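So this one's work-v7.csv, CSV, C-alpha atoms:
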chain,number,residue,atom,x,y,z
I,23,MET,CA,115.4,105.6,85.9
I,24,VAL,CA,114.7,108.8,87.9
I,25,ALA,CA,112.2,109.8,85.2
I,26,GLU,CA,110.5,106.4,85.5
I,27,LYS,CA,109.8,107.0,89.2
I,28,VAL,CA,108.5,110.5,88.5
I,29,PHE,CA,106.1,109.2,85.9
I,30,THR,CA,104.8,106.5,88.1
I,31,GLN,CA,103.8,109.3,90.6
I,32,LEU,CA,102.5,111.5,87.9
I,33,ARG,CA,100.3,108.7,86.5
I,34,ARG,CA,99.0,107.9,89.9
I,35,GLY,CA,98.0,111.5,90.5
I,36,THR,CA,96.5,112.2,87.1
I,37,LEU,CA,94.8,109.0,86.1
I,38,GLU,CA,91.7,109.6,88.2
I,39,PHE,CA,91.1,112.9,86.3
I,40,CYS,CA,91.5,111.0,83.0
I,41,VAL,CA,88.8,108.6,84.3
I,42,LEU,CA,86.6,111.6,85.2
I,43,ALA,CA,87.2,113.1,81.8
I,44,LEU,CA,86.1,109.9,80.0
I,45,LEU,CA,82.9,109.9,82.1
I,46,GLN,CA,81.7,113.4,81.2
I,47,GLY,CA,78.4,113.2,79.4
I,48,GLN,CA,78.7,109.5,79.1
I,49,GLU,CA,78.4,106.5,81.4
I,50,ARG,CA,80.8,103.6,80.9
I,51,TYR,CA,81.3,100.2,82.5
I,52,GLY,CA,84.6,99.3,84.1
I,53,PHE,CA,86.1,97.1,81.3
I,54,GLU,CA,85.2,99.8,78.7
I,55,LEU,CA,87.0,102.5,80.8
I,56,VAL,CA,90.1,100.3,81.2
I,57,LYS,CA,90.3,99.6,77.5
I,58,ALA,CA,89.7,103.3,76.6
I,59,LEU,CA,92.5,104.3,79.0
I,60,GLY,CA,94.8,101.5,77.7
I,61,GLU,CA,94.6,102.8,74.1
I,62,VAL,CA,96.3,106.1,75.2
I,63,ASP,CA,100.0,105.7,75.1
I,64,GLY,CA,101.8,105.5,78.4
I,65,LEU,CA,98.9,106.2,80.6
I,66,VAL,CA,98.1,102.8,82.1
I,67,THR,CA,100.8,100.2,83.0
I,68,THR,CA,98.6,97.7,85.0
I,69,GLU,CA,95.0,97.6,83.9
I,70,GLY,CA,93.8,96.0,87.2
I,71,THR,CA,94.8,99.0,89.4
I,72,ILE,CA,92.0,101.0,87.7
I,73,TYR,CA,89.4,99.1,89.6
I,74,PRO,CA,90.6,100.1,93.0
I,75,LEU,CA,90.8,103.7,91.7
I,76,LEU,CA,87.2,103.5,90.5
I,77,ALA,CA,86.2,102.2,93.9
I,78,ARG,CA,88.0,105.1,95.6
I,79,LEU,CA,86.3,107.7,93.3
I,80,ARG,CA,83.0,106.3,94.3
I,81,ARG,CA,83.8,106.4,98.0
I,82,GLU,CA,84.8,110.1,97.5
I,83,GLY,CA,81.5,110.8,95.8
I,84,LEU,CA,83.1,111.8,92.5
I,85,VAL,CA,81.3,108.9,90.5
I,86,GLU,CA,78.2,106.9,91.0
I,87,THR,CA,77.5,103.3,89.9
I,88,THR,CA,74.6,101.4,88.5
I,89,TRP,CA,74.3,97.8,87.5
I,90,ARG,CA,72.9,97.2,84.1
I,91,GLU,CA,72.2,93.9,82.2
I,92,SER,CA,74.6,93.2,79.4
I,93,GLY,CA,73.5,91.6,76.1
I,94,SER,CA,75.9,88.8,76.8
I,95,GLY,CA,77.3,87.6,80.1
I,96,PRO,CA,76.8,88.9,83.7
I,97,PRO,CA,75.5,92.4,84.5
I,98,ARG,CA,77.9,95.3,84.3
I,99,ARG,CA,78.8,98.0,86.8
I,100,TYR,CA,78.4,101.4,85.0
I,101,TYR,CA,80.1,104.5,86.3
I,102,GLN,CA,78.9,108.0,85.8
I,103,SER,CA,80.3,111.3,87.0
I,104,THR,CA,78.6,113.2,89.8
I,105,THR,CA,78.4,117.0,90.0
I,106,GLU,CA,81.3,116.9,92.4
I,107,GLY,CA,83.2,114.8,89.9
I,108,ARG,CA,82.6,117.4,87.2
I,109,GLN,CA,83.8,120.2,89.5
I,110,ALA,CA,86.9,118.4,90.6
I,111,LEU,CA,87.8,117.7,86.9
I,112,ALA,CA,87.3,121.4,86.0
I,113,ALA,CA,89.5,122.5,88.9
I,114,PHE,CA,92.2,120.0,88.0
I,115,THR,CA,92.1,120.9,84.3
I,116,ALA,CA,92.7,124.6,85.0
I,117,ASP,CA,95.6,123.8,87.4
I,118,TRP,CA,97.0,121.2,85.0
I,119,GLU,CA,97.2,123.6,82.1
I,120,ARG,CA,99.0,126.2,84.2
I,121,PHE,CA,101.4,123.6,85.6
I,122,ARG,CA,102.0,122.1,82.1
I,123,ASN,CA,102.7,125.5,80.6
I,124,SER,CA,105.1,126.4,83.5
I,125,VAL,CA,107.1,123.2,83.1
I,126,ASP,CA,107.2,123.6,79.3
I,127,THR,CA,108.4,127.2,79.7
I,128,VAL,CA,111.2,126.3,82.0
I,129,LEU,CA,112.2,123.2,80.1
I,130,GLY,CA,112.2,125.3,76.9
I,131,ARG,CA,114.3,128.0,78.5
I,132,GLY,CA,116.8,125.5,79.7
I,133,ARG,CA,117.2,124.0,76.2
I,134,GLN,CA,117.8,127.5,74.7
I,135,GLY,CA,120.3,128.5,77.3
P,20,MET,CA,91.8,72.0,71.9
P,21,THR,CA,90.2,71.0,75.1
P,22,ASN,CA,93.6,70.9,76.7
P,23,VAL,CA,94.4,74.4,75.6
P,24,GLN,CA,91.1,75.5,77.1
P,25,ASN,CA,91.9,73.7,80.4
P,26,ASP,CA,95.3,75.3,80.7
P,27,ALA,CA,93.8,78.7,80.1
P,28,ASP,CA,91.1,78.1,82.8
P,29,ARG,CA,93.7,76.9,85.2
P,30,LEU,CA,95.8,80.0,84.8
P,31,VAL,CA,92.7,82.2,85.4
P,32,ASP,CA,91.7,80.1,88.4
P,33,ALA,CA,95.2,80.3,89.9
P,34,TYR,CA,95.3,84.1,89.4
P,35,LEU,CA,91.9,84.6,91.1
P,36,GLU,CA,92.8,82.3,93.9
P,37,TYR,CA,96.0,84.2,94.5
P,38,LEU,CA,94.1,87.5,94.4
P,39,ARG,CA,91.5,86.2,96.9
P,40,THR,CA,94.3,85.2,99.3
P,41,ALA,CA,96.3,88.4,98.8
P,42,ALA,CA,93.1,90.5,99.4
P,43,GLU,CA,92.4,88.8,102.8
P,44,PRO,CA,93.7,91.8,104.9
P,45,LEU,CA,91.3,94.1,103.1
P,46,PRO,CA,87.9,95.0,104.7
P,47,ALA,CA,85.3,92.5,103.4
P,48,ASN,CA,83.5,95.0,101.1
P,49,ARG,CA,86.7,96.1,99.4
P,50,ARG,CA,87.9,92.6,99.0
P,51,THR,CA,84.6,91.4,97.5
P,52,GLU,CA,84.5,94.4,95.1
P,53,LEU,CA,88.1,93.9,93.9
P,54,VAL,CA,87.6,90.2,93.2
P,55,GLU,CA,84.3,90.9,91.6
P,56,ASP,CA,85.7,93.6,89.3
P,57,VAL,CA,88.7,91.5,88.3
P,58,THR,CA,86.6,88.4,87.7
P,59,ALA,CA,84.2,90.5,85.5
P,60,HIS,CA,87.2,92.0,83.6
P,61,ILE,CA,88.6,88.5,82.8
P,62,ALA,CA,85.1,87.3,81.7
P,63,GLU,CA,84.9,90.4,79.3
P,64,GLU,CA,88.3,89.7,77.9
P,65,ARG,CA,87.5,86.1,77.3
P,66,ALA,CA,84.2,86.9,75.7
P,67,ALA,CA,86.1,89.3,73.5
P,68,GLY,CA,88.3,86.5,72.2
P,69,VAL,CA,91.1,85.8,74.6
P,70,SER,CA,91.3,82.0,74.6
P,71,THR,CA,94.7,80.5,74.1
P,72,GLU,CA,97.1,79.9,77.0
P,73,ALA,CA,99.5,82.6,75.5
P,74,GLU,CA,96.7,85.1,75.2
P,75,VAL,CA,95.5,84.4,78.7
P,76,ARG,CA,99.0,84.9,80.1
P,77,ALA,CA,99.3,88.2,78.2
P,78,MET,CA,95.9,89.3,79.6
P,79,LEU,CA,96.9,88.5,83.2
P,80,ALA,CA,100.2,90.3,82.7
P,81,ARG,CA,98.3,93.4,81.5
P,82,LEU,CA,96.0,93.1,84.6
P,83,GLY,CA,99.0,93.2,86.9
P,84,ASP,CA,100.4,91.4,89.9
P,85,PRO,CA,97.5,90.6,92.4
P,86,ASP,CA,99.7,92.0,95.2
P,87,GLU,CA,99.8,95.3,93.3
P,88,LEU,CA,96.0,95.4,92.9
P,89,VAL,CA,95.6,94.8,96.6
P,90,ALA,CA,98.1,97.5,97.4
P,91,ALA,CA,96.1,99.9,95.2
P,92,SER,CA,93.0,99.0,97.2
P,93,THR,CA,94.5,100.0,100.6
P,94,ASP,CA,94.0,103.7,100.0
P,95,GLY,CA,93.0,105.4,103.3
P,96,LEU,CA,93.5,102.2,105.3
P,97,VAL,CA,96.0,101.4,108.0
P,98,LEU,CA,96.9,97.7,107.8
P,99,VAL,CA,97.9,96.3,111.1
P,100,ASP,CA,99.4,92.8,111.8
P,101,ARG,CA,97.0,91.3,114.2
P,102,GLN,CA,98.7,88.9,116.6
P,103,PRO,CA,96.9,85.7,117.7
P,104,ARG,CA,94.9,86.3,120.9
P,105,VAL,CA,96.8,83.7,122.8
P,106,ARG,CA,100.0,82.3,121.4
P,107,ALA,CA,101.1,78.6,121.7
P,108,ARG,CA,104.0,79.8,123.8
P,109,GLU,CA,101.8,80.9,126.7
P,110,VAL,CA,99.6,77.8,126.5
P,111,VAL,CA,102.6,75.6,126.7
P,112,ALA,CA,103.9,77.6,129.7
P,113,LEU,CA,100.6,77.1,131.5
P,114,LEU,CA,100.3,73.4,130.7
P,115,LEU,CA,103.8,72.8,131.9
P,116,LEU,CA,103.2,74.7,135.1
P,117,LEU,CA,100.1,72.6,135.8
P,118,PHE,CA,101.1,69.2,134.6
P,119,GLY,CA,104.9,69.4,134.1
P,120,GLY,CA,105.4,68.5,137.7
P,121,LEU,CA,104.2,64.9,137.0
P,122,VAL,CA,107.7,64.3,135.7
P,123,MET,CA,109.4,67.1,137.6
P,124,PHE,CA,111.7,68.7,135.1
P,125,PRO,CA,109.2,70.1,132.5
P,126,TRP,CA,107.8,72.2,135.3
P,127,PHE,CA,111.0,74.2,135.3
P,128,ILE,CA,110.6,74.9,131.6
P,129,GLY,CA,107.1,76.1,132.4
P,130,VAL,CA,108.5,78.5,135.0
P,131,TYR,CA,111.1,79.7,132.5
P,132,LEU,CA,108.5,80.3,129.8
P,133,LEU,CA,106.3,82.1,132.3
P,134,TRP,CA,109.0,84.6,133.4
P,135,THR,CA,110.4,85.2,129.9
P,136,SER,CA,106.9,85.8,128.3
P,137,ASP,CA,106.2,89.4,127.3
P,138,ARG,CA,102.5,88.9,127.6
P,139,TRP,CA,102.2,88.9,131.4
P,140,LYS,CA,102.8,91.6,134.0
P,141,LEU,CA,105.1,91.0,137.0
P,142,SER,CA,102.0,90.5,139.3
P,143,GLU,CA,100.7,87.9,137.0
P,144,LYS,CA,104.0,86.1,136.9
P,145,LEU,CA,104.0,86.0,140.7
P,146,LEU,CA,100.4,84.7,140.5
P,147,GLY,CA,101.7,82.0,138.2
P,148,MET,CA,103.8,80.8,141.1
P,149,VAL,CA,100.6,80.2,143.1
P,150,VAL,CA,100.4,77.2,140.8
P,151,TRP,CA,102.4,75.2,143.4
P,152,PRO,CA,105.8,74.0,142.8
P,153,PHE,CA,105.4,71.1,140.5
P,154,GLY,CA,101.8,72.2,139.7
P,155,LEU,CA,99.0,69.8,140.4
P,156,MET,CA,101.5,67.2,141.6
P,157,GLY,CA,102.3,69.7,144.3
P,158,SER,CA,98.7,70.0,145.3
P,159,ILE,CA,98.3,66.3,145.4
P,160,ALA,CA,101.4,65.9,147.5
P,161,LEU,CA,100.1,68.6,149.9
P,162,LEU,CA,96.8,66.8,150.2
P,163,ARG,CA,98.5,63.5,151.0
P,164,ILE,CA,99.7,65.1,154.4
P,165,PRO,CA,97.4,63.3,156.7
P,166,ILE,CA,95.3,65.4,159.0
P,167,GLU,CA,93.4,63.4,161.6
P,168,PRO,CA,90.5,63.6,161.9
P,169,PRO,CA,89.4,65.4,158.7
P,170,THR,CA,87.7,68.6,159.8
P,171,TRP,CA,85.7,71.1,157.7
P,172,LEU,CA,88.7,73.3,157.9
P,173,ALA,CA,91.0,70.7,156.5
P,174,ILE,CA,88.5,69.9,153.7
P,175,GLY,CA,88.2,73.7,152.9
P,176,LEU,CA,92.0,74.0,152.9
P,177,GLY,CA,92.2,71.0,150.6
P,178,ALA,CA,89.8,72.6,148.1
P,179,VAL,CA,91.8,75.8,148.1
P,180,ILE,CA,95.1,73.8,147.6
P,181,LEU,CA,93.5,72.1,144.6
P,182,LEU,CA,91.6,75.0,143.1
P,183,ALA,CA,94.1,77.8,143.5
P,184,PRO,CA,96.4,76.5,140.7
P,185,LEU,CA,93.4,76.1,138.4
P,186,ALA,CA,92.1,79.6,139.2
P,187,ALA,CA,95.5,81.1,138.7
P,188,THR,CA,95.9,79.3,135.4
P,189,ALA,CA,92.5,80.6,134.2
P,190,VAL,CA,93.5,84.2,135.1
P,191,LEU,CA,96.8,83.9,133.3
P,192,LEU,CA,95.1,82.4,130.2
P,193,LYS,CA,92.6,85.2,130.1
P,194,ASN,CA,95.3,87.8,130.4
P,195,ALA,CA,97.7,86.3,127.8
P,196,GLN,CA,96.4,88.7,125.2
P,197,PRO,CA,98.7,90.8,123.0
P,198,GLY,CA,99.4,94.5,123.6
P,199,ARG,CA,99.1,94.8,127.3
P,200,SER,CA,102.4,93.6,128.6
P,201,ALA,CA,104.4,95.4,131.3
P,202,THR,CA,107.8,94.5,129.9

Is it possible to give me this structure as structure tokens?
Amino acid sequence: MVAEKVFTQLRRGTLEFCVLALLQGQERYGFELVKALGEVDGLVTTEGTIYPLLARLRREGLVETTWRESGSGPPRRYYQSTTEGRQALAAFTADWERFRNSVDTVLGRGRQG
Amino acid sequence: MTNVQNDADRLVDAYLEYLRTAAEPLPANRRTELVEDVTAHIAEERAAGVSTEAEVRAMLARLGDPDELVAASTDGLVLVDRQPRVRAREVVALLLLLFGGLVMFPWFIGVYLLWTSDRWKLSEKLLGMVVWPFGLMGSIALLRIPIEPPTWLAIGLGAVILLAPLAATAVLLKNAQPGRSAT
């Protein structure tokens, strides 16, 4: 129960960098992003909340959008990472690896002792 | 088959309608974008084969509660409950002050509402009493007092007696906005 709360927070904090990671070297439209994130276990609980997140990333200048015609149906909003987005992702990745190793180390030590 | 289609459509329509309503407190551009994105998402899902009622239900469940989507869109915003500019309570108070005197007793209710309102300052509540006892009936009663012969002064006085309550009411109505009370 406590872990559930923690993971809700963790997901909220890390999901935007997962979005940025999926946009490196490749532009994607919203639905495609949502589905790609949904395929990863335990990352997305409510698909719809990814759209407000994308809107926020654009407001913060980490992604840009362009409308493109789709073969079928209405035009799609495509997202691509900006330079700021790439930099933010690089900074997060370095911190995340350090953080993950630290937590793993302490959890492992606890298990042994 | 057509019935199945209709049920699925109805579910989608109800979901989007709920979302539109829930998103009303958002700034217009955020609201439009959220509804647009979710509408496009549903269209993509349905184009990809989601068609039966059960499938549509599962898709909407994956999308999430509209309230949750709106909450996720409030990032960086401060949502404030905006009160109506003039509440019915104050309008009733002013109407009773003006016209309640016609049948006497309601005027006292008007006075009660005036003094218990949190929208007016003390000075404005006193001004409310310039609306003569029993309101316009009071004015009419005062004007009935015969002054012989009618002079310009008497006519001027009559006009003041009649117009003062109306002017006071107008001032009180204008000042009955939220967030400026003295109490």

Residues of stretch 44-116 of chain P within 9 Å of stretch 41-59 of chain I: nearest atom pair and distance (Å, one decimal) for each, counting all atoms listed in the file, sorted by chain and number, as a tab-separated table?
residue	atom	partner	partner_atom	distance
P:Asp56	CA	I:Gly52	CA	7.8
P:Ala59	CA	I:Phe53	CA	8.1
P:His60	CA	I:Phe53	CA	5.7
P:Glu63	CA	I:Phe53	CA	7.1
P:Glu64	CA	I:Phe53	CA	8.4

For the selection you just gave me, I'd like the residues written to a file as a compact mmCIF listing (two decimals), in the coordinates of the input, keeping C-alpha atoms.
# COMPACT_ATOMS: atom_id res chain seq x y z
CA ASP P 56 85.70 93.60 89.30
CA ALA P 59 84.20 90.50 85.50
CA HIS P 60 87.20 92.00 83.60
CA GLU P 63 84.90 90.40 79.30
CA GLU P 64 88.30 89.70 77.90

Original post:
From the list I:Leu79, I:Leu84, I:Ala113, I:Leu37, which residue is nearest I:Thr67 when using only C-alpha atoms?
Top reply: I:Leu37

**OP:** Find the residues of chain I in contact range of chain P, meaning any atom within 9 Å when counting only C-alpha atoms, and list them as a PyMOL selection string.
**Re:** chain I and resi 52-53+67-75+77-78+94-99

Original post:
So how many Å separate atom CA of P:Ala160 and atom CA of P:Gly129, to one decimal?
Top reply: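 Atom CA of P:Ala160 sits 19.1 Å away from atom CA of P:Gly129.
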
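Distance-wise, atom CA of I:Phe29 and atom CA of I:Asp63 end up 12.9 Å apart.
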
Original post:
Distance atom CA of P:Ala27-atom CA of P:Val75, one decimal place?
Top reply: 6.1 Å

**OP:** Quick one: everything within 6 Å of stretch 105-117 of chain P, counting only C-alpha atoms, minus sequence neighbours fewer than 6 positions away in the same chain. Send it as a ChimeraX atom specification.
**Re:** /P:126,129,132-133,154-155,195-196
